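Asks: For reference, the structure I am asking about is given below.
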Amino acid sequence: MSEPTRVSHPKQRLPSDDVAGFGSLAELALDMRSSWNHATDRVWRRLDPVLWALTQNPWVVLQTVSRETLQLVLADPAFRENIDALVQARRDAAEAPAWFQQVHPQSPLSCVAYFSMEFMLGEALPIYSGGLGNVAGDQLKAADDLGVPVVGVGLLYQQGYFRQVIDQDGAQQALYPYNDPGQLPITPLRKPNGEWLRLEIPLPGYSVWLRAWQVQVGRVKLYLLDSNDVANYPAHRGITSELYGGGPELRLKQELVLGIGGWRLLAALGIQPEVCHLNEGHAAFAVLERARGFMQETGRSFEVALAVTRAGNLFTTHTAVAAGFDRFAPALIEQYLGGYAEQQLGLTRHALLALGRENPNDASEPFNMAYLAIRGSGAVNGVSRLHGKVSRRLFEPLFPHWPTEEVPVGHVTNGVHMPTWDSAPADDLWTEACGKDRWLGTVETLEQDIRRVSDARLWQFRTDASLRLVAYARERLARQLAASGASPEKIDDARQVCDCNTLTLGFARRFTSYKRPNLLLHDPERLLRLLTNPQRPVQLILAGKAHPADRAGQALIRQWAHFIRRPEVRSHAIFLSDYDMHLTEQLVQGVDVWLNTPRRPWEACGTSGMKVLVNGGINLSELDGWWAEAYTPEVGWALGDGQEHDNDPAWDAIEAEALYDLLEREVIPEFYTRDEQGIPTAWVARMRESMAHLTPRFSTNRAVCEYTAQHYLPAAAAYRERAADKGARGAELVDWRHALDRKWAALRFGEVKATTDGARHLFEAQLYLDEIDPEAVRVELYADGVDGAPSVRLEMQRVRQLVGAAQGYAYRAEVPATRPASDFTARVVPYRHGVTIPLEDARIFWQR
């Protein structure tokens with residue numbers, strides 16, 4: 001790029017710009033770090049307490065407040081001194097060496113580009129829907145805390161995800177308020193001459209102009225693209241109108257903008273990431289554009305460029321069912337990418353479509369974005385241990401003849417950004433026990449530190465949390481009813497619901513069939529008895545949205561609405577509409593028990609229950625996603641038998657009864673059984689164990705440290721090695737693969753003998769390689785795992801050349817004779833230093 005790009009202010013000159021100190025306020029307001037580091041909250045509260053309480057958006061407050069108010073508060077020496085101190089602290093934090101710089105000072109990693117369709121950073125920037133954005137936003141925040149060099153790449157939606165209203169009949173209504181960029185904490189990227197940085201993306205018959213924006217997340221930057229440029233045809237201005245809206249063609253155009261446009265934006269900014277992290281398959285077209293950029297730089301073919309660049313690509317899948325992957329009709333892919341493939345990549349349309357197909361020769365097979373991501377990445381991971389196992393089954397067709405457990409999908413279990421989700425009192429509690437900097441590095445000592453907090457302190461902390469939640473729920477419900485036109489009597493009644501001394505269950509998430517949000521409604525009368533028990537009452541707070549196209553999910557909301565409106569239920573259960581990040585914060589900070597009832601194994605991870613950990617809430621969840629690896633009897637309660645039962649109504653009924661039993665026999669009695677000081681000692685012991693054992697383990701600190709050690713650093717080193725000398729190693733890799741293509745079919749085994757000598761089996765296998773280089777393959781002895789143990793996979797050693805056979809060799813291995821020799825067989829797999837098998841070459845040859 002001939003001239004560097006700078007960031008400039010998003011609006012024309014504001015009337016308050018020339019007020020002394022305004023620039024410092026703007027610097028603070030435009031940093032999303034304020035969404036979790038609440039040091040600046042009192043600043044915005046002083047400027048406009050009502051608007052701050054409603055929006056939690058510092059930039060809106062700063063733009064809305066009058067010039068006179070600004071001048072008045074900035075004339076206060078104490079206020080101005082506080083502003084100066086906050087600005088200095090922000091700058092010092094951005095420049096100070098963090099965990100990454102201290103632990104990896106000579107790292108080959110200078111930049112990770114993190115692509116995601118959505119980012120949940122705060123209510124001030126509503127460009128998220130749910131779990132995927134939650135993970136993306138929390139990982140950017142943790143990267144800031146830890147100093148990991150990450151930049152985010154996403155889309156700026158004019159309307160974002162829909163806002164929800166529940167009407168008088170309990171039906172969900174979807175609203176799409178406009179996201180005014182001038183009121184969002186974002187800044188346009190401009191060239192030094194003041195021109196807005198815009199990218200031109202050619203599409204069939206026309207071009208789309210994309211505007212570029214920047215979001216500051218502490219020391220991390222998030223870049224956003226949007227198509228709402230006046231130079232675009234009206235229909236094309238709407239490409240980035242809605243998150244997860246429209247049909248397949250709009251979704252494809254969004255994913256082209258994200259993947260191809262996003263990578264071109266990085267190039268325009270002069271950013272050259274070693275690692276590209278694809279958070280789901282939506283951004284998989286970045287694989288193609290990254291390869292195209294390498295082709296342009298080096299003159300290499302697409303095949304070589306992909307071999308080089310994929311080493312630096314990481315694909316994280318969040319999908320637990322095959323139907324969840326984005327698939328596009330072949331004609332649509334050809335329409336929008338056919339010319340790009342032929343003219344920019346040197347690929348035929350057939351070769352392009354093959355990258356997204358299980359069977360390249362099936363002309364009817366749709367183009368699968370997850371398949372493209374896998375074929376363009378050097379590593380693939382799921383988001384929990386169970387999800388890794390599920391994903392290996394899902395992607396097994398891409399690796400024919402390989403055992404399922406060797407399908408190359410690992411896992412990094414998600415975590416949540418604890419400073420985002422903890423309440424102010426929780427922050428105080430953890431600070432007393434563990435120190436203020438507890439989330440700025442590794443978290444090994446936190447468990448023992450938090451265990452030292454007394455029962456009395458923990459229970460007072462939880463009692464205060466219940467008070468705050470009840471006050472919030474009453475006020476929000478009253479506003480919700482007023483907005484829907486309810487009578488003054490009903491609005492007054494809303495301000496009396498809930499009791500801070502009653503056991504509070506929370507359930508909030510997307511309403512869709514597999515999450516079984518109505519499992520608790522299986523027997524409404526039993527639930528009613530449970531809620532209204534005069535000695536041990538229970539109250540229920542629910543929230544959640546159903547996708548506007550998900551009629552079944554909307555029907556589930558309506559069922560709850562009708563149940564809650566029964567007069568005998570009304571004071572014991574409430575549904576809070578328009579489930580968003582702010583509501584989530586309030587719920588996870590105040591509920592006693594967090595319920596989660598998905599149909600196993602459809603919950604890839606599920607992070608909502610992780611958010612209650614730091615706040616002392618306890619989980620009661622299906623053994624799915626993260627809870628399948630987190631649960632022990634000391635930290636919460638588990639639902640289900642840990643097996644899969646498909647979509648079985650009979651099993652749903654069994655689990656509903658088990659849920660009622662758990663609540664009636666264990667959860668409720670434990671909460672209400674108190675000692676002489678009024679403390680439920682067994683409950684507090686479980687709460688302490690959950691906080692101590694699970695909070696550090698399911699934090700984004702742990703997750704981002706794992707991504708750094710297991711993926712980012714190895715990927716950066718691998719990419720640098722392959723990219724050196726204009727991709728010479730990549731070209732050698734392609735030559736090696738072509739040689740195997742020509743010669744693999746000639747492989748054959750000769751005699752395979754097994755002898756037993758006491759406690760050992762000795763195997764010798766004869767292998768005829770024809771013209772294949774012996775160093776280009778690895779011969780292994782293999783046996784399936786039994787009784788839950790992993791399979792046996794042992795390299796056989798080449799011991800001699802066979803007499804009379806130029807390329808015939810004998811290979812040997814020995815194993816303990818704890819299993820019959822007939823359990824074992826020999827096999828041949830490709831081998832080359834630094835090449836991931838079977839991800840980069842899936843051929844395999846079995847002896848039997």
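Labels used: A, B, ... for chains in the order of the structure tokens, numbers from 1 for residues in each chain, and numbers from 1 for ligands as shown.
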Taking only residues of range 310-368 of chain A that have an atom at most 12 Å from an atom of range 127-144 of chain A, what is each one's shortest atom pair and its distance in Å to one decimal, using only C-alpha atoms, in chain and number order, as CSV?
Replies:
```
residue,atom,partner,partner_atom,distance
A:Thr316,CA,A:Leu132,CA,10.7
A:Thr317,CA,A:Leu132,CA,10.1
A:His318,CA,A:Leu132,CA,7.6
A:Thr319,CA,A:Leu132,CA,10.1
```
Asks: Take the residues just selected and output them with C-alpha atoms as an mmCIF file, in the first residue's frame.
Replies:
```
data_model
loop_
_atom_site.group_PDB
_atom_site.id
_atom_site.type_symbol
_atom_site.label_atom_id
_atom_site.label_comp_id
_atom_site.auth_asym_id
_atom_site.auth_seq_id
_atom_site.Cartn_x
_atom_site.Cartn_y
_atom_site.Cartn_z
ATOM 1 C CA THR A 316 -13.206 -23.471 14.716
ATOM 2 C CA THR A 317 -16.543 -25.194 14.167
ATOM 3 C CA HIS A 318 -19.475 -24.481 16.489
ATOM 4 C CA THR A 319 -22.006 -26.700 14.723
#
```
Asks: Give one line per residue of range 542-581 of chain A that approaches range 524-533 of chain A to at most 9 Å, naming the two atoms of the closest pair and their distance in Å to one decimal, counting only C-alpha atoms; sort by chain then ascending residue number and deliver it as CSV.
Replies:
```
residue,atom,partner,partner_atom,distance
A:Phe563,CA,A:Pro524,CA,7.8
A:Glu568,CA,A:Leu528,CA,8.1
A:Val569,CA,A:Leu528,CA,6.9
A:His572,CA,A:Leu531,CA,6.3
A:Ala573,CA,A:Leu531,CA,8.1
```
Asks: Atoms to include: N, CA and C atoms. Write the selected residues as a compact mmCIF listing (two decimals), in the first residue's frame.
Replies:
```
# COMPACT_ATOMS: atom_id res chain seq x y z
N PHE A 563 -48.72 -19.84 30.18
CA PHE A 563 -48.60 -20.42 31.52
C PHE A 563 -48.38 -19.32 32.56
N GLU A 568 -52.59 -17.80 39.20
CA GLU A 568 -51.88 -18.45 40.30
C GLU A 568 -50.37 -18.56 40.05
N VAL A 569 -49.95 -18.30 38.80
CA VAL A 569 -48.52 -18.38 38.44
C VAL A 569 -47.87 -17.01 38.45
N HIS A 572 -44.97 -15.85 40.49
CA HIS A 572 -43.88 -16.82 40.70
C HIS A 572 -43.01 -17.04 39.47
N ALA A 573 -43.44 -16.57 38.30
CA ALA A 573 -42.67 -16.77 37.06
C ALA A 573 -42.88 -15.57 36.15
```
Asks: Hey, what's within 12 Å of range 738-743 of chain A if we count only C-alpha atoms and toss same-chain stuff fewer than 3 positions away? As a list in words, please?
Replies: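 Neighbouring residues, sequence-local ones excluded: Glu303, Val304, Ala731, Glu732, Leu733, Val734, Asp735, Ala746, Leu747, Arg748, Tyr768, Leu769, Asp770, Glu771, Ile772, Asp773, Pro774, Glu775, Ala776, Val777, Val829, Pro830, Tyr831, Arg832, Asp841, Ala842, Arg843 and Ile844 of chain A.
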Asks: So that each row is one residue of range 679-732 of chain A with an atom at most 9 Å from range 623-639 of chain A, can you give its shortest atom pair and the distance in Å to one decimal, using only C-alpha atoms, rows by chain and rising number, as a Markdown table?
Replies:
```
| residue | atom | partner | partner_atom | distance |
| --- | --- | --- | --- | --- |
| A:Ala685 | CA | A:Glu634 | CA | 8.2 |
| A:Arg686 | CA | A:Val635 | CA | 5.3 |
| A:Met687 | CA | A:Val635 | CA | 6.8 |
| A:Arg688 | CA | A:Val635 | CA | 8.2 |
| A:Glu689 | CA | A:Val635 | CA | 5.6 |
| A:Ser690 | CA | A:Val635 | CA | 4.5 |
| A:Met691 | CA | A:Val635 | CA | 8.3 |
| A:His693 | CA | A:Val635 | CA | 8.0 |
| A:Leu694 | CA | A:Ala630 | CA | 7.1 |
| A:Arg697 | CA | A:Ala630 | CA | 8.8 |
| A:Phe698 | CA | A:Trp626 | CA | 8.6 |
```
Asks: For the selection you just gave me, I'd like the residues written to a file as a tab-separated table (two decimals), in the first residue's frame, keeping all heavy atoms.
Replies:
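Result file selection.tsv:
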```tsv
chain	number	residue	atom	x	y	z
A	685	ALA	N	-21.36	-24.62	50.36
A	685	ALA	CA	-20.21	-25.49	50.03
A	685	ALA	C	-20.20	-25.82	48.54
A	685	ALA	O	-19.14	-25.80	47.89
A	685	ALA	CB	-20.27	-26.76	50.86
A	686	ARG	N	-21.37	-26.11	47.98
A	686	ARG	CA	-21.45	-26.40	46.54
A	686	ARG	C	-21.12	-25.15	45.72
A	686	ARG	O	-20.43	-25.22	44.70
A	686	ARG	CB	-22.86	-26.89	46.20
A	686	ARG	CG	-23.00	-27.49	44.80
A	686	ARG	CD	-24.44	-27.85	44.50
A	686	ARG	NE	-24.98	-28.81	45.42
A	686	ARG	CZ	-24.93	-30.15	45.24
A	686	ARG	NH1	-24.35	-30.63	44.16
A	686	ARG	NH2	-25.45	-30.97	46.14
A	687	MET	N	-21.61	-24.02	46.18
A	687	MET	CA	-21.34	-22.75	45.51
A	687	MET	C	-19.84	-22.44	45.50
A	687	MET	O	-19.28	-22.05	44.48
A	687	MET	CB	-22.12	-21.67	46.26
A	687	MET	CG	-21.88	-20.26	45.85
A	687	MET	SD	-22.95	-19.21	46.90
A	687	MET	CE	-21.88	-17.81	47.08
A	688	ARG	N	-19.19	-22.64	46.67
A	688	ARG	CA	-17.75	-22.37	46.75
A	688	ARG	C	-16.98	-23.30	45.82
A	688	ARG	O	-16.05	-22.88	45.12
A	688	ARG	CB	-17.26	-22.54	48.18
A	688	ARG	CG	-15.75	-22.30	48.32
A	688	ARG	CD	-15.23	-22.64	49.71
A	688	ARG	NE	-15.66	-21.67	50.70
A	688	ARG	CZ	-16.60	-21.90	51.62
A	688	ARG	NH1	-17.21	-23.09	51.67
A	688	ARG	NH2	-16.93	-20.96	52.49
A	689	GLU	N	-17.37	-24.57	45.79
A	689	GLU	CA	-16.66	-25.53	44.94
A	689	GLU	C	-16.83	-25.18	43.46
A	689	GLU	O	-15.89	-25.27	42.67
A	689	GLU	CB	-17.20	-26.94	45.20
A	689	GLU	CG	-16.35	-28.05	44.61
A	689	GLU	CD	-14.96	-28.11	45.21
A	689	GLU	OE1	-14.76	-27.67	46.36
A	689	GLU	OE2	-14.04	-28.60	44.51
A	690	SER	N	-18.04	-24.75	43.09
A	690	SER	CA	-18.29	-24.33	41.71
A	690	SER	C	-17.44	-23.11	41.36
A	690	SER	O	-16.79	-23.07	40.29
A	690	SER	CB	-19.78	-24.01	41.53
A	690	SER	OG	-20.03	-23.40	40.29
A	691	MET	N	-17.44	-22.12	42.22
A	691	MET	CA	-16.66	-20.91	41.97
A	691	MET	C	-15.17	-21.23	41.85
A	691	MET	O	-14.49	-20.77	40.93
A	691	MET	CB	-16.89	-19.89	43.09
A	691	MET	CG	-18.28	-19.32	43.15
A	691	MET	SD	-18.53	-18.19	44.54
A	691	MET	CE	-17.69	-16.72	43.93
A	693	HIS	N	-13.48	-24.24	41.51
A	693	HIS	CA	-12.99	-25.27	40.59
A	693	HIS	C	-13.29	-24.93	39.13
A	693	HIS	O	-12.48	-25.24	38.23
A	693	HIS	CB	-13.62	-26.62	40.94
A	693	HIS	CG	-13.08	-27.77	40.16
A	693	HIS	ND1	-11.75	-28.10	40.14
A	693	HIS	CD2	-13.70	-28.66	39.35
A	693	HIS	CE1	-11.56	-29.15	39.35
A	693	HIS	NE2	-12.73	-29.50	38.85
A	694	LEU	N	-14.43	-24.28	38.88
A	694	LEU	CA	-14.87	-24.10	37.50
A	694	LEU	C	-14.58	-22.71	36.91
A	694	LEU	O	-14.35	-22.59	35.72
A	694	LEU	CB	-16.36	-24.39	37.37
A	694	LEU	CG	-16.82	-25.79	37.78
A	694	LEU	CD1	-18.32	-25.95	37.53
A	694	LEU	CD2	-16.04	-26.87	37.05
A	697	ARG	N	-11.26	-22.42	35.14
A	697	ARG	CA	-11.18	-23.43	34.08
A	697	ARG	C	-12.01	-23.06	32.87
A	697	ARG	O	-11.67	-23.42	31.73
A	697	ARG	CB	-11.63	-24.77	34.67
A	697	ARG	CG	-11.45	-25.97	33.77
A	697	ARG	CD	-11.81	-27.22	34.56
A	697	ARG	NE	-12.21	-28.31	33.71
A	697	ARG	CZ	-12.94	-29.34	34.12
A	697	ARG	NH1	-13.33	-29.41	35.38
A	697	ARG	NH2	-13.27	-30.30	33.28
A	698	PHE	N	-13.11	-22.33	33.09
A	698	PHE	CA	-13.99	-21.99	31.97
A	698	PHE	C	-14.01	-20.48	31.73
A	698	PHE	O	-15.03	-19.90	31.37
A	698	PHE	CB	-15.39	-22.56	32.21
A	698	PHE	CG	-15.38	-24.06	32.18
A	698	PHE	CD1	-15.33	-24.79	33.35
A	698	PHE	CD2	-15.34	-24.73	30.98
A	698	PHE	CE1	-15.27	-26.18	33.32
A	698	PHE	CE2	-15.28	-26.12	30.92
A	698	PHE	CZ	-15.25	-26.85	32.10
```
Asks: Using DSSP on the backbone coordinates, identify all residues within range 722-758 of chain A classified as alpha helix (DSSP H); present the result as a ChimeraX atom specification.
Replies: /A:722-743
Asks: Write out as an MDAnalysis selection string the residues lying within 9 Å of Arg468 in chain A, counting only C-alpha atoms and excluding same-chain residues fewer than 3 positions away.
Replies: chainID A and resid 463:465 471:473 500 586 589:590
Asks: Those residues with N, CA and C atoms, as a PDB file, in the first residue's frame please?
Replies:
```pdb
ATOM      1  N   THR A 463     -26.996 -13.155  48.920  1.00  0.00           N
ATOM      2  CA  THR A 463     -28.232 -12.499  49.349  1.00  0.00           C
ATOM      3  C   THR A 463     -28.357 -11.118  48.711  1.00  0.00           C
ATOM      4  N   ASP A 464     -27.255 -10.385  48.682  1.00  0.00           N
ATOM      5  CA  ASP A 464     -27.269  -9.059  48.059  1.00  0.00           C
ATOM      6  C   ASP A 464     -27.538  -9.162  46.558  1.00  0.00           C
ATOM      7  N   ALA A 465     -26.990 -10.211  45.905  1.00  0.00           N
ATOM      8  CA  ALA A 465     -27.213 -10.404  44.465  1.00  0.00           C
ATOM      9  C   ALA A 465     -28.693 -10.641  44.178  1.00  0.00           C
ATOM     10  N   ALA A 471     -34.968  -6.346  42.119  1.00  0.00           N
ATOM     11  CA  ALA A 471     -35.256  -4.936  41.808  1.00  0.00           C
ATOM     12  C   ALA A 471     -35.189  -4.690  40.307  1.00  0.00           C
ATOM     13  N   TYR A 472     -34.191  -5.259  39.656  1.00  0.00           N
ATOM     14  CA  TYR A 472     -34.044  -5.089  38.204  1.00  0.00           C
ATOM     15  C   TYR A 472     -35.209  -5.756  37.467  1.00  0.00           C
ATOM     16  N   ALA A 473     -35.544  -6.995  37.853  1.00  0.00           N
ATOM     17  CA  ALA A 473     -36.594  -7.730  37.152  1.00  0.00           C
ATOM     18  C   ALA A 473     -37.929  -7.009  37.265  1.00  0.00           C
ATOM     19  N   CYS A 500     -36.826 -11.652  47.094  1.00  0.00           N
ATOM     20  CA  CYS A 500     -35.379 -11.853  47.159  1.00  0.00           C
ATOM     21  C   CYS A 500     -34.983 -12.995  48.090  1.00  0.00           C
ATOM     22  N   GLN A 586     -27.558  -9.156  33.981  1.00  0.00           N
ATOM     23  CA  GLN A 586     -28.354  -9.078  35.202  1.00  0.00           C
ATOM     24  C   GLN A 586     -28.779 -10.457  35.684  1.00  0.00           C
ATOM     25  N   GLN A 589     -25.823 -12.641  37.044  1.00  0.00           N
ATOM     26  CA  GLN A 589     -25.279 -12.098  38.283  1.00  0.00           C
ATOM     27  C   GLN A 589     -26.192 -12.336  39.479  1.00  0.00           C
ATOM     28  N   GLY A 590     -27.477 -12.683  39.239  1.00  0.00           N
ATOM     29  CA  GLY A 590     -28.409 -12.749  40.347  1.00  0.00           C
ATOM     30  C   GLY A 590     -29.109 -14.062  40.605  1.00  0.00           C
TER      31      GLY A 590
END
```
Asks: Name the closest residue to Gln539 in chain A among the candidates A:Ser513, A:Ser207, A:Asn501, A:Thr64; distances are taken between atoms, counting only C-alpha atoms.
Replies: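 Counting only C-alpha atoms, the residue closest to Gln539 in chain A is A:Asn501.
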Asks: What's around Arg198 in chain A at 7 Å? Count only C-alpha atoms, leave out sequence neighbours fewer than 4 positions away in its own chain, and write the answer as a list in words.
Replies: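 Once the adjacent positions are removed, what remains is Trp209, Leu210, Arg211 and Ala212 of chain A.
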Asks: Suppose we keep N, CA and C atoms; can you now write the selection as a PDB file, in the first residue's frame?
Replies:
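Everything below was put into again15.pdb:
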```pdb
ATOM      1  N   TRP A 209     -19.304  -1.469  -3.197  1.00  0.00           N
ATOM      2  CA  TRP A 209     -18.357  -0.673  -2.418  1.00  0.00           C
ATOM      3  C   TRP A 209     -18.601  -0.917  -0.937  1.00  0.00           C
ATOM      4  N   LEU A 210     -17.524  -1.168  -0.225  1.00  0.00           N
ATOM      5  CA  LEU A 210     -17.603  -1.445   1.199  1.00  0.00           C
ATOM      6  C   LEU A 210     -16.901  -0.351   1.982  1.00  0.00           C
ATOM      7  N   ARG A 211     -17.554   0.133   3.021  1.00  0.00           N
ATOM      8  CA  ARG A 211     -16.946   1.112   3.901  1.00  0.00           C
ATOM      9  C   ARG A 211     -16.276   0.373   5.067  1.00  0.00           C
ATOM     10  N   ALA A 212     -15.184   0.931   5.563  1.00  0.00           N
ATOM     11  CA  ALA A 212     -14.409   0.280   6.619  1.00  0.00           C
ATOM     12  C   ALA A 212     -14.469   1.097   7.901  1.00  0.00           C
TER      13      ALA A 212
END
```
